[in-house]
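Beneath this line is the structure, given in structure tokens, with notes to follow.
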Amino acid sequence: MIHDFDPVLIDFGILQIRWYSLAYIFGILAGWMYGKVIIGREILNKNQNDYSKNFDDLIGYIIIGVVLGGRLGYVIFYDPIFYLENISEIFKLWNGGMSFHGGLLGVIIATIIFSKIKGINFYYFADIISCVAPIGIFLGRVANFINGELFGKVSNLPWAIIFPEGGNFARHPSQIYEAVLEGAVLFLIINFLAIKKKLLLKPGYISGLFLIFYSIARIIGENFREPDVHLGYFFNYFSMGIMLSILTFLSGCCIIFYIKSNEQNN
């Protein structure tokens, strides 16, 4: 199969509507709506209205965190030398270049700031964000596939695809693998634990488990994905995505350990 998707949905000449931009927009909207549903169903106390209103206000902070964190994360983690030599390119978001781990860090910082302003436990909102985040991840990975970027390694499987930027070799559609693992599967696992197992009642557990399970899914997906040409592998095996995912995995473990330790002390 040959990849022939157009990354531009509508071209008005001076303005283009791209699938990638729509993925961000619909991911945030869907996450916001589902987050409101979770609050309405799971937070059954007198503070429900406050949580709902605060979550509405938090969305603006999340958008800023995703965009700034995602862009600066890509600049710092993936191509710092290029951007130091071409500062103006940092602001050209339409040329692509966003880091999930950078966006994650941006959202965490934005949520911490918001929680401090409102005087609310950070983990209350972080857990809800963890429940809805896989929706945006799924749409983002599908958009990566439409863009023909972040493609996989050479493969002879029946569903392998020839990408325009990947030469004349059929490759794993690793973007779809990641959409399934980091999006659909992660969504089911996290929401099962949050809602069916009632872990939303224990602030922090869902946030830690999200980091752990996302990292596992990302590491699996990275094994099918072509590494960044200018970075290659660290120690002949670890891509930048794997390196960053190891850190998020350990961070998730630390959160779970911290919460359990506090429970035992109390």
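Scheme for the structure tokens: letters A, B, ... for chains in order shown; per-chain residue numbers from 1; ligand numbers from 1 in order shown.
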Requested in this report: Show which residues sit within 12 Å of Asn262 (chain A), as number ranges by chain. Count only C-alpha atoms, and ignore same-chain residues fewer than 5 positions away.
Outcome: A: 202-204, 255-257
Requested in this report: Identify, on the basis of only C-alpha atoms, every residue whose closest approach to Ser155 (chain A) does not exceed 7 Å; exclude the query and any residue fewer than 2 positions from it along the same chain; express the result as a list in words.
Outcome: Lys153, Leu157, Ala160, Ala170, Arg171 and His172 of chain A
Take the residues from that selection and put them in a file with N, CA and C atoms, as a short mmCIF file (atom, residue, chain, number, x, y, z; two decimals), in the first residue's frame.
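New file part.cif:
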```cif
data_model
loop_
_atom_site.label_atom_id
_atom_site.label_comp_id
_atom_site.auth_asym_id
_atom_site.auth_seq_id
_atom_site.Cartn_x
_atom_site.Cartn_y
_atom_site.Cartn_z
N LYS A 153 9.71 1.20 10.91
CA LYS A 153 10.86 0.55 10.27
C LYS A 153 10.39 -0.27 9.06
N LEU A 157 5.35 -7.06 6.12
CA LEU A 157 4.02 -7.50 6.52
C LEU A 157 2.97 -7.03 5.50
N ALA A 160 2.05 -3.35 5.61
CA ALA A 160 3.13 -2.36 5.54
C ALA A 160 2.80 -1.32 4.47
N ALA A 170 8.49 -0.47 2.04
CA ALA A 170 7.26 -0.60 2.82
C ALA A 170 7.64 -0.62 4.30
N ARG A 171 6.87 0.07 5.11
CA ARG A 171 7.21 0.23 6.51
C ARG A 171 6.01 -0.04 7.43
N HIS A 172 6.34 -0.32 8.69
CA HIS A 172 5.29 -0.45 9.69
C HIS A 172 4.51 0.86 9.81
#
```
Query raised in the report: From the set A:Gly70, A:Leu22, A:Tyr83, A:Leu250, which residue has the shortest atom-to-atom contact distance to Ile10 (chain A), counting only C-alpha atoms?
Result: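 Checking each of A:Gly70, A:Leu22, A:Tyr83, A:Leu250 against Ile10 (chain A), counting only C-alpha atoms, the winner is A:Leu22.
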**Report entry** Spatial neighbours of Gln16 (chain A), max dist 12 Å, only C-alpha atoms, sep filter under 5 positions, as a list in words
**Finding:**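 That gives Asp6, Pro7, Val8, Leu9, Ile10, Asp11, Ser21, Leu22 and Trp94 of chain A.
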Preceding selection exported with N, CA and C atoms as a compact mmCIF listing (two decimals), in the first residue's frame:
```txt
# COMPACT_ATOMS: atom_id res chain seq x y z
N ASP A 6 -3.57 13.46 2.10
CA ASP A 6 -3.19 14.87 2.08
C ASP A 6 -3.32 15.41 3.50
N PRO A 7 -2.22 15.93 4.09
CA PRO A 7 -2.30 16.47 5.45
C PRO A 7 -3.16 17.71 5.57
N VAL A 8 -3.48 18.33 4.43
CA VAL A 8 -4.32 19.53 4.42
C VAL A 8 -5.75 19.13 4.08
N LEU A 9 -6.68 19.41 4.98
CA LEU A 9 -8.08 19.08 4.73
C LEU A 9 -8.70 20.09 3.77
N ILE A 10 -8.52 21.38 4.07
CA ILE A 10 -9.06 22.45 3.24
C ILE A 10 -8.00 23.51 3.05
N ASP A 11 -7.78 23.94 1.81
CA ASP A 11 -6.78 24.97 1.51
C ASP A 11 -7.48 26.21 0.97
N SER A 21 -3.93 19.96 13.13
CA SER A 21 -4.53 21.00 13.96
C SER A 21 -5.89 20.56 14.48
N LEU A 22 -6.67 19.94 13.61
CA LEU A 22 -7.98 19.47 14.02
C LEU A 22 -7.87 18.40 15.11
N TRP A 94 3.52 25.58 12.40
CA TRP A 94 2.91 24.94 11.23
C TRP A 94 3.90 24.04 10.48
```
Query - Residue nearest Ile38 (chain A) among A:Asn95, A:Ser261, A:Ser239, A:Ser52 (counting only C-alpha atoms) - result: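 That would be A:Ser52, the residue with the smallest distance to Ile38 (chain A).
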Report task. Choose the residue, out of A:Ile87, A:Ile43, A:Leu139, A:Leu105, that has the smallest atom-to-atom separation from Val67 (chain A); count only C-alpha atoms. Result ->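 Looking at the shortest contact to Val67 (chain A), the residue is A:Leu105.
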